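Data file: entry39.cif. Format and content: mmCIF, N, CA and C atoms.
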data_model
loop_
_atom_site.label_atom_id
_atom_site.label_comp_id
_atom_site.auth_asym_id
_atom_site.auth_seq_id
_atom_site.Cartn_x
_atom_site.Cartn_y
_atom_site.Cartn_z
N MET A 136 -6.61 -73.44 16.64
CA MET A 136 -7.01 -74.72 17.19
C MET A 136 -8.23 -74.50 18.08
N ALA A 137 -9.18 -75.42 18.01
CA ALA A 137 -10.41 -75.29 18.79
C ALA A 137 -10.21 -75.64 20.26
N ILE A 138 -9.45 -76.70 20.54
CA ILE A 138 -9.21 -77.09 21.93
C ILE A 138 -7.73 -77.38 22.14
N GLN A 139 -7.30 -77.32 23.38
CA GLN A 139 -5.92 -77.65 23.71
C GLN A 139 -5.80 -79.11 24.13
N ARG A 140 -6.77 -79.59 24.93
CA ARG A 140 -6.75 -80.96 25.44
C ARG A 140 -8.08 -81.23 26.14
N MET A 141 -8.33 -82.48 26.45
CA MET A 141 -9.45 -82.79 27.33
C MET A 141 -8.92 -82.67 28.76
N ASP A 142 -9.55 -81.84 29.57
CA ASP A 142 -9.03 -81.57 30.90
C ASP A 142 -9.45 -82.61 31.92
N ASN A 143 -10.76 -82.92 32.00
CA ASN A 143 -11.22 -83.92 32.96
C ASN A 143 -12.61 -84.40 32.60
N VAL A 144 -13.00 -85.49 33.26
CA VAL A 144 -14.35 -86.02 33.18
C VAL A 144 -14.94 -85.90 34.57
N GLY A 145 -16.16 -85.38 34.68
CA GLY A 145 -16.80 -85.18 35.97
C GLY A 145 -17.74 -86.32 36.30
N ILE A 146 -17.70 -86.76 37.56
CA ILE A 146 -18.57 -87.81 38.05
C ILE A 146 -19.16 -87.36 39.38
N VAL A 147 -20.48 -87.37 39.50
CA VAL A 147 -21.15 -87.03 40.76
C VAL A 147 -21.28 -88.30 41.58
N VAL A 148 -20.86 -88.21 42.84
CA VAL A 148 -20.87 -89.38 43.73
C VAL A 148 -21.56 -89.03 45.04
N GLU A 149 -22.03 -90.04 45.74
CA GLU A 149 -22.59 -89.84 47.08
C GLU A 149 -21.54 -90.09 48.15
N ASP A 150 -20.69 -91.09 47.96
CA ASP A 150 -19.67 -91.45 48.94
C ASP A 150 -18.30 -91.07 48.40
N MET A 151 -17.87 -89.86 48.71
CA MET A 151 -16.61 -89.33 48.18
C MET A 151 -15.42 -90.18 48.62
N ASP A 152 -15.37 -90.56 49.89
CA ASP A 152 -14.23 -91.34 50.37
C ASP A 152 -14.11 -92.67 49.65
N ALA A 153 -15.24 -93.35 49.44
CA ALA A 153 -15.21 -94.63 48.73
C ALA A 153 -14.79 -94.45 47.28
N ALA A 154 -15.26 -93.39 46.63
CA ALA A 154 -14.88 -93.13 45.24
C ALA A 154 -13.39 -92.84 45.13
N ILE A 155 -12.87 -92.02 46.03
CA ILE A 155 -11.44 -91.72 46.02
C ILE A 155 -10.64 -93.00 46.24
N ALA A 156 -11.03 -93.81 47.23
CA ALA A 156 -10.31 -95.05 47.52
C ALA A 156 -10.29 -95.98 46.31
N PHE A 157 -11.43 -96.08 45.60
CA PHE A 157 -11.53 -96.93 44.42
C PHE A 157 -10.53 -96.48 43.35
N PHE A 158 -10.55 -95.19 43.02
CA PHE A 158 -9.70 -94.71 41.93
C PHE A 158 -8.23 -94.67 42.33
N VAL A 159 -7.93 -94.46 43.60
CA VAL A 159 -6.54 -94.53 44.06
C VAL A 159 -6.05 -95.98 43.97
N GLU A 160 -6.90 -96.95 44.35
CA GLU A 160 -6.51 -98.36 44.22
C GLU A 160 -6.29 -98.72 42.76
N LEU A 161 -7.04 -98.11 41.86
CA LEU A 161 -6.87 -98.34 40.43
C LEU A 161 -5.50 -97.84 39.97
N GLY A 162 -4.95 -96.88 40.68
CA GLY A 162 -3.63 -96.36 40.32
C GLY A 162 -3.60 -94.85 40.09
N MET A 163 -4.75 -94.20 40.28
CA MET A 163 -4.79 -92.75 40.12
C MET A 163 -4.25 -92.09 41.39
N GLU A 164 -3.88 -90.83 41.26
CA GLU A 164 -3.33 -90.08 42.38
C GLU A 164 -4.28 -88.96 42.75
N LEU A 165 -4.53 -88.80 44.05
CA LEU A 165 -5.37 -87.70 44.52
C LEU A 165 -4.58 -86.41 44.37
N GLU A 166 -5.10 -85.51 43.55
CA GLU A 166 -4.44 -84.24 43.29
C GLU A 166 -4.85 -83.20 44.33
N GLY A 167 -6.09 -83.25 44.77
CA GLY A 167 -6.56 -82.29 45.76
C GLY A 167 -8.04 -82.46 46.01
N ARG A 168 -8.47 -81.85 47.10
CA ARG A 168 -9.87 -81.93 47.51
C ARG A 168 -10.25 -80.59 48.11
N VAL A 169 -11.43 -80.06 47.72
CA VAL A 169 -11.84 -78.74 48.16
C VAL A 169 -13.36 -78.65 48.16
N GLU A 170 -13.90 -77.76 48.98
CA GLU A 170 -15.33 -77.47 48.94
C GLU A 170 -15.52 -76.23 48.08
N VAL A 171 -16.51 -76.29 47.18
CA VAL A 171 -16.79 -75.14 46.32
C VAL A 171 -18.24 -74.72 46.46
N GLY A 172 -18.50 -73.49 46.15
CA GLY A 172 -19.84 -72.94 46.20
C GLY A 172 -19.79 -71.48 45.84
N GLY A 173 -20.94 -70.85 45.84
CA GLY A 173 -20.99 -69.43 45.56
C GLY A 173 -21.38 -69.12 44.13
N LEU A 174 -21.25 -67.85 43.79
CA LEU A 174 -21.73 -67.33 42.51
C LEU A 174 -21.10 -68.02 41.31
N VAL A 175 -19.79 -68.21 41.31
CA VAL A 175 -19.12 -68.83 40.16
C VAL A 175 -19.63 -70.25 39.96
N ALA A 176 -19.74 -71.02 41.05
CA ALA A 176 -20.25 -72.40 40.95
C ALA A 176 -21.68 -72.41 40.43
N ASP A 177 -22.52 -71.48 40.92
CA ASP A 177 -23.90 -71.38 40.44
C ASP A 177 -23.94 -71.04 38.96
N GLN A 178 -23.11 -70.09 38.56
CA GLN A 178 -23.13 -69.63 37.17
C GLN A 178 -22.70 -70.73 36.20
N CYS A 179 -21.64 -71.45 36.53
CA CYS A 179 -21.14 -72.41 35.54
C CYS A 179 -21.96 -73.69 35.52
N THR A 180 -22.65 -74.04 36.61
CA THR A 180 -23.47 -75.26 36.63
C THR A 180 -24.92 -75.01 36.24
N GLY A 181 -25.34 -73.74 36.30
CA GLY A 181 -26.74 -73.44 36.03
C GLY A 181 -27.66 -73.83 37.18
N LEU A 182 -27.09 -74.05 38.35
CA LEU A 182 -27.85 -74.42 39.55
C LEU A 182 -27.80 -73.27 40.55
N ASP A 183 -28.73 -73.25 41.48
CA ASP A 183 -28.73 -72.23 42.53
C ASP A 183 -28.31 -72.83 43.85
N GLY A 184 -27.47 -72.11 44.58
CA GLY A 184 -27.07 -72.54 45.92
C GLY A 184 -26.12 -73.71 45.94
N VAL A 185 -25.23 -73.77 44.96
CA VAL A 185 -24.29 -74.90 44.89
C VAL A 185 -23.34 -74.88 46.08
N ARG A 186 -23.25 -76.03 46.71
CA ARG A 186 -22.22 -76.29 47.72
C ARG A 186 -21.86 -77.75 47.55
N CYS A 187 -20.61 -78.01 47.14
CA CYS A 187 -20.20 -79.39 46.92
C CYS A 187 -18.71 -79.56 47.20
N ASP A 188 -18.37 -80.80 47.51
CA ASP A 188 -16.97 -81.18 47.66
C ASP A 188 -16.49 -81.66 46.30
N ILE A 189 -15.28 -81.27 45.96
CA ILE A 189 -14.65 -81.68 44.71
C ILE A 189 -13.33 -82.37 45.05
N ALA A 190 -13.09 -83.51 44.44
CA ALA A 190 -11.79 -84.17 44.53
C ALA A 190 -11.31 -84.42 43.10
N MET A 191 -10.07 -84.10 42.84
CA MET A 191 -9.50 -84.32 41.52
C MET A 191 -8.48 -85.45 41.64
N VAL A 192 -8.67 -86.49 40.82
CA VAL A 192 -7.71 -87.59 40.76
C VAL A 192 -7.14 -87.63 39.35
N ARG A 193 -5.86 -87.96 39.25
CA ARG A 193 -5.21 -87.96 37.93
C ARG A 193 -4.48 -89.27 37.68
N THR A 194 -4.32 -89.57 36.42
CA THR A 194 -3.55 -90.75 36.04
C THR A 194 -2.07 -90.49 36.34
N PRO A 195 -1.29 -91.54 36.52
CA PRO A 195 0.13 -91.36 36.87
C PRO A 195 0.91 -90.53 35.84
N ASP A 196 0.50 -90.56 34.58
CA ASP A 196 1.21 -89.77 33.57
C ASP A 196 0.82 -88.30 33.60
N GLY A 197 -0.20 -87.96 34.40
CA GLY A 197 -0.62 -86.57 34.55
C GLY A 197 -1.47 -86.02 33.43
N HIS A 198 -1.82 -86.84 32.44
CA HIS A 198 -2.56 -86.35 31.28
C HIS A 198 -4.07 -86.44 31.41
N SER A 199 -4.59 -87.29 32.29
CA SER A 199 -6.03 -87.48 32.40
C SER A 199 -6.48 -87.31 33.85
N ARG A 200 -7.67 -86.72 34.02
CA ARG A 200 -8.19 -86.48 35.35
C ARG A 200 -9.68 -86.82 35.42
N LEU A 201 -10.10 -87.21 36.63
CA LEU A 201 -11.50 -87.33 36.96
C LEU A 201 -11.79 -86.31 38.05
N GLU A 202 -12.89 -85.58 37.88
CA GLU A 202 -13.33 -84.66 38.92
C GLU A 202 -14.52 -85.31 39.61
N LEU A 203 -14.34 -85.70 40.86
CA LEU A 203 -15.39 -86.33 41.64
C LEU A 203 -16.10 -85.23 42.43
N SER A 204 -17.43 -85.18 42.34
CA SER A 204 -18.20 -84.14 43.01
C SER A 204 -19.25 -84.77 43.91
N LYS A 205 -19.30 -84.30 45.16
CA LYS A 205 -20.34 -84.71 46.11
C LYS A 205 -21.14 -83.47 46.46
N TYR A 206 -22.39 -83.42 45.99
CA TYR A 206 -23.24 -82.25 46.22
C TYR A 206 -23.89 -82.29 47.60
N HIS A 207 -23.78 -81.17 48.31
CA HIS A 207 -24.52 -80.98 49.56
C HIS A 207 -25.79 -80.19 49.26
N SER A 208 -25.69 -79.25 48.31
CA SER A 208 -26.86 -78.52 47.83
C SER A 208 -26.56 -78.02 46.42
N PRO A 209 -27.55 -77.96 45.56
CA PRO A 209 -28.86 -78.57 45.75
C PRO A 209 -28.73 -80.09 45.86
N ALA A 210 -29.81 -80.72 46.32
CA ALA A 210 -29.81 -82.17 46.53
C ALA A 210 -29.50 -82.90 45.23
N VAL A 211 -28.81 -84.01 45.38
CA VAL A 211 -28.48 -84.86 44.24
C VAL A 211 -29.76 -85.46 43.67
N ILE A 212 -29.80 -85.63 42.36
CA ILE A 212 -30.95 -86.23 41.68
C ILE A 212 -30.53 -87.58 41.13
N SER A 213 -31.27 -88.60 41.43
CA SER A 213 -31.01 -89.93 40.88
C SER A 213 -31.89 -90.11 39.66
N ASP A 214 -31.29 -90.51 38.55
CA ASP A 214 -32.08 -90.68 37.32
C ASP A 214 -32.39 -92.14 37.03
N GLY A 215 -32.39 -92.97 38.04
CA GLY A 215 -32.73 -94.37 37.84
C GLY A 215 -31.75 -95.28 38.53
N PRO A 216 -31.89 -96.58 38.28
CA PRO A 216 -31.03 -97.55 38.95
C PRO A 216 -29.57 -97.37 38.54
N ARG A 217 -28.69 -97.74 39.44
CA ARG A 217 -27.26 -97.58 39.18
C ARG A 217 -26.67 -98.74 38.40
N ASN A 218 -27.42 -99.80 38.21
CA ASN A 218 -26.88 -100.96 37.50
C ASN A 218 -27.44 -101.07 36.08
N ARG A 219 -27.64 -99.92 35.45
CA ARG A 219 -28.17 -99.92 34.08
C ARG A 219 -27.20 -100.62 33.13
N PRO A 220 -27.72 -101.24 32.07
CA PRO A 220 -26.83 -101.86 31.09
C PRO A 220 -26.05 -100.80 30.32
N HIS A 221 -25.02 -101.23 29.64
CA HIS A 221 -24.12 -100.31 28.95
C HIS A 221 -24.76 -99.57 27.78
N ASN A 222 -25.84 -100.08 27.21
CA ASN A 222 -26.41 -99.48 26.00
C ASN A 222 -27.50 -98.45 26.27
N VAL A 223 -27.64 -97.97 27.50
CA VAL A 223 -28.62 -96.93 27.82
C VAL A 223 -28.06 -95.58 27.39
N LEU A 224 -28.89 -94.78 26.74
CA LEU A 224 -28.44 -93.45 26.31
C LEU A 224 -27.91 -92.67 27.49
N GLY A 225 -26.78 -92.02 27.29
CA GLY A 225 -26.20 -91.19 28.32
C GLY A 225 -25.36 -91.93 29.34
N THR A 226 -25.30 -93.24 29.22
CA THR A 226 -24.47 -94.00 30.16
C THR A 226 -23.01 -93.60 29.96
N HIS A 227 -22.33 -93.42 31.07
CA HIS A 227 -20.92 -93.02 30.99
C HIS A 227 -20.02 -94.21 31.26
N ARG A 228 -18.95 -94.26 30.51
CA ARG A 228 -17.93 -95.28 30.70
C ARG A 228 -16.59 -94.59 30.60
N VAL A 229 -15.72 -94.88 31.54
CA VAL A 229 -14.36 -94.36 31.52
C VAL A 229 -13.45 -95.56 31.32
N MET A 230 -12.54 -95.50 30.36
CA MET A 230 -11.66 -96.64 30.05
C MET A 230 -10.23 -96.31 30.46
N PHE A 231 -9.59 -97.29 31.11
CA PHE A 231 -8.21 -97.13 31.54
C PHE A 231 -7.37 -98.25 30.96
N ALA A 232 -6.16 -97.92 30.51
CA ALA A 232 -5.17 -98.92 30.12
C ALA A 232 -4.46 -99.36 31.39
N VAL A 233 -4.33 -100.68 31.58
CA VAL A 233 -3.68 -101.21 32.78
C VAL A 233 -2.60 -102.21 32.39
N ASP A 234 -1.66 -102.43 33.30
CA ASP A 234 -0.58 -103.39 33.04
C ASP A 234 -1.05 -104.83 33.18
N ASP A 235 -1.87 -105.10 34.20
CA ASP A 235 -2.30 -106.46 34.51
C ASP A 235 -3.79 -106.42 34.85
N LEU A 236 -4.64 -106.74 33.89
CA LEU A 236 -6.08 -106.60 34.05
C LEU A 236 -6.62 -107.48 35.18
N LYS A 237 -6.23 -108.74 35.22
CA LYS A 237 -6.77 -109.65 36.24
C LYS A 237 -6.37 -109.20 37.63
N ASP A 238 -5.14 -108.76 37.82
CA ASP A 238 -4.71 -108.26 39.12
C ASP A 238 -5.48 -106.99 39.49
N THR A 239 -5.70 -106.11 38.52
CA THR A 239 -6.43 -104.87 38.79
C THR A 239 -7.85 -105.17 39.23
N VAL A 240 -8.52 -106.09 38.55
CA VAL A 240 -9.88 -106.48 38.94
C VAL A 240 -9.88 -107.03 40.37
N ALA A 241 -8.91 -107.87 40.68
CA ALA A 241 -8.83 -108.47 42.02
C ALA A 241 -8.62 -107.39 43.09
N ARG A 242 -7.80 -106.40 42.81
CA ARG A 242 -7.54 -105.32 43.78
C ARG A 242 -8.75 -104.41 43.96
N LEU A 243 -9.57 -104.27 42.91
CA LEU A 243 -10.73 -103.38 42.98
C LEU A 243 -11.96 -104.05 43.61
N ARG A 244 -12.02 -105.36 43.62
CA ARG A 244 -13.18 -106.06 44.20
C ARG A 244 -13.47 -105.65 45.64
N PRO A 245 -12.46 -105.53 46.52
CA PRO A 245 -12.75 -105.11 47.90
C PRO A 245 -13.31 -103.68 47.98
N HIS A 246 -13.19 -102.93 46.89
CA HIS A 246 -13.73 -101.56 46.83
C HIS A 246 -15.09 -101.54 46.14
N GLY A 247 -15.71 -102.70 46.00
CA GLY A 247 -17.05 -102.78 45.46
C GLY A 247 -17.14 -103.06 43.96
N ALA A 248 -16.02 -103.23 43.28
CA ALA A 248 -16.05 -103.47 41.84
C ALA A 248 -16.66 -104.83 41.52
N GLU A 249 -17.54 -104.84 40.51
CA GLU A 249 -18.14 -106.08 40.03
C GLU A 249 -18.07 -106.10 38.52
N LEU A 250 -17.66 -107.21 37.94
CA LEU A 250 -17.62 -107.31 36.48
C LEU A 250 -19.03 -107.16 35.92
N VAL A 251 -19.16 -106.42 34.83
CA VAL A 251 -20.44 -106.27 34.14
C VAL A 251 -20.71 -107.54 33.34
N GLY A 252 -19.72 -108.01 32.65
CA GLY A 252 -19.79 -109.25 31.87
C GLY A 252 -18.68 -110.16 32.35
N GLU A 253 -17.71 -110.37 31.48
CA GLU A 253 -16.55 -111.17 31.85
C GLU A 253 -15.32 -110.60 31.17
N ILE A 254 -14.17 -111.09 31.54
CA ILE A 254 -12.93 -110.67 30.89
C ILE A 254 -12.90 -111.30 29.51
N ALA A 255 -12.68 -110.48 28.49
CA ALA A 255 -12.71 -110.95 27.10
C ALA A 255 -11.35 -110.71 26.45
N ARG A 256 -11.02 -111.58 25.52
CA ARG A 256 -9.77 -111.44 24.78
C ARG A 256 -10.12 -110.99 23.36
N PHE A 257 -9.56 -109.86 22.93
CA PHE A 257 -9.74 -109.38 21.56
C PHE A 257 -8.51 -109.77 20.76
N GLU A 258 -8.70 -110.82 19.94
CA GLU A 258 -7.63 -111.38 19.12
C GLU A 258 -6.38 -111.57 19.98
N ASP A 259 -5.23 -111.23 19.46
CA ASP A 259 -4.00 -111.32 20.25
C ASP A 259 -3.56 -109.95 20.72
N SER A 260 -4.53 -109.01 20.77
CA SER A 260 -4.19 -107.63 21.06
C SER A 260 -4.47 -107.18 22.48
N TYR A 261 -5.68 -107.49 23.01
CA TYR A 261 -6.10 -106.94 24.29
C TYR A 261 -6.89 -107.93 25.13
N LEU A 262 -6.77 -107.80 26.45
CA LEU A 262 -7.74 -108.31 27.39
C LEU A 262 -8.59 -107.11 27.77
N LEU A 263 -9.91 -107.27 27.78
CA LEU A 263 -10.84 -106.17 28.04
C LEU A 263 -11.90 -106.59 29.03
N CYS A 264 -12.38 -105.65 29.82
CA CYS A 264 -13.55 -105.90 30.65
C CYS A 264 -14.18 -104.58 31.05
N TYR A 265 -15.46 -104.67 31.40
CA TYR A 265 -16.16 -103.54 32.02
C TYR A 265 -16.51 -103.99 33.43
N LEU A 266 -16.37 -103.06 34.37
CA LEU A 266 -16.81 -103.34 35.72
C LEU A 266 -17.54 -102.13 36.26
N ARG A 267 -18.36 -102.38 37.26
CA ARG A 267 -19.06 -101.28 37.93
C ARG A 267 -18.20 -100.82 39.08
N GLY A 268 -17.97 -99.52 39.09
CA GLY A 268 -17.22 -98.92 40.18
C GLY A 268 -18.16 -98.16 41.09
N PRO A 269 -17.64 -97.14 41.76
CA PRO A 269 -18.48 -96.37 42.69
C PRO A 269 -19.67 -95.75 41.97
N GLU A 270 -20.79 -95.72 42.67
CA GLU A 270 -22.03 -95.11 42.17
C GLU A 270 -22.55 -95.77 40.90
N GLY A 271 -22.09 -96.99 40.59
CA GLY A 271 -22.56 -97.71 39.42
C GLY A 271 -21.89 -97.30 38.12
N ILE A 272 -20.87 -96.44 38.21
CA ILE A 272 -20.15 -95.99 37.01
C ILE A 272 -19.51 -97.21 36.35
N ILE A 273 -19.65 -97.31 35.05
CA ILE A 273 -18.99 -98.40 34.32
C ILE A 273 -17.56 -97.95 33.99
N VAL A 274 -16.62 -98.76 34.46
CA VAL A 274 -15.20 -98.49 34.24
C VAL A 274 -14.67 -99.60 33.33
N GLY A 275 -14.06 -99.21 32.22
CA GLY A 275 -13.46 -100.18 31.31
C GLY A 275 -11.99 -100.33 31.62
N LEU A 276 -11.49 -101.54 31.48
CA LEU A 276 -10.07 -101.82 31.65
C LEU A 276 -9.56 -102.52 30.40
N ALA A 277 -8.37 -102.14 29.96
CA ALA A 277 -7.76 -102.74 28.78
C ALA A 277 -6.30 -103.04 29.05
N GLU A 278 -5.91 -104.30 28.84
CA GLU A 278 -4.51 -104.69 28.96
C GLU A 278 -4.02 -105.06 27.57
N GLN A 279 -3.03 -104.32 27.09
CA GLN A 279 -2.46 -104.64 25.79
C GLN A 279 -1.56 -105.86 25.93
N LEU A 280 -1.79 -106.86 25.08
CA LEU A 280 -1.01 -108.09 25.13
C LEU A 280 0.25 -107.91 24.30
N ARG A 281 1.31 -108.46 24.75
CA ARG A 281 2.59 -108.26 24.05
C ARG A 281 3.00 -109.46 23.26
#
Exercise: express the given structure as structure tokens:
Amino acid sequence: MAIQRMDNVGIVVEDMDAAIAFFVELGMELEGRVEVGGLVADQCTGLDGVRCDIAMVRTPDGHSRLELSKYHSPAVISDGPRNRPHNVLGTHRVMFAVDDLKDTVARLRPHGAELVGEIARFEDSYLLCYLRGPEGIIVGLAEQLR
């Protein structure tokens, strides 16, 4: 077998506390937080002088994780505006299945979440939406209709 599983998705953030609060409000659990740096960090990232904070958040089922990274060095690089449309090459979107989409959107709004479009109904199967979370990351939400 080539792979065992997908371990995590990495997201670089400027405001670690706000990012953690957003994803915890979404329903993820903070697994841990640590500062990393040194030779191993430099080698695996291809950067020199890495020093960053890492927070790992996981879904309640324990199968999916986000690795949130706040770089102290080298300096973070911004590759453009944070409100880019969804069809830009390299744009990242993370999708979560939720029990109650409208309630989830309402709970995330105080954490800076804004709908990208609107809540859409796909046949009799799903309610779907994209919203901007921390650092402009597009987060998808899907509620399976019963």
Practice task
Please tell me which residues are no farther than 12 Å from (-30.2, -72.8, 48.0) in the file, counting only C-alpha atoms, and write them as a VMD selection string.
Solution key: chain A and resid 172 to 174 177 182 to 186 206 to 210
Handout entry: Residues matched by the PyMOL selection byres (((chain A and resi 240 and name CA) around 9) and name CA) as a VMD selection string
Key = chain A and resid 161 235 to 239 241 to 244 248 to 250 266 276
Problem - Gly225 in chain A surroundings by only C-alpha atoms, 12 Å radius, close-in-sequence under 2 positions cut, as a ChimeraX atom specification - result: /A:214-215,219-223,227-228,272-273
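If you look at CA of Glu202 in chain A and CA of Val144 in chain A, they are 6.0 Å away from each other.
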Exercise for the section: Name every residue that the PyMOL selection byres (((chain A and resi 192 and name CA) around 8) and name CA) selects in this structure, writing the answer as a ChimeraX atom specification with chains first and numbers rising. Expected result: /A:155,158-159,163-167,190-191,193-194,200-203
Completion exercise
Students should find that CA of Met141 in chain A and CA of His246 in chain A are spaced 27.4 Å
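From CA of Val274 in chain A back to CA of Phe257 in chain A, the distance works out to 17.6 Å.
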Exercise for the section: Write down as a count of residues only the residues of chain A whose backbone DSSP state falls under strand (DSSP E or B). Expected result: 54
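Closest approach to Cys264 in chain A among A:Met230, A:Gly247, A:Ser199, A:Leu280: A:Met230, based on only C-alpha atoms.
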Handout entry: Expected selection from the PyMOL selection byres (((chain A and resi 188 and name CA) around 6) and name CA), given as a PyMOL selection string
Key = chain A and resi 169-170+187+189+204-205
Exercise for the section: Taking the DSSP assignment computed from this structure's backbone, write out as a count of residues only all residues of range 184-251 of chain A that belong to alpha helix (DSSP H). Expected result: 8
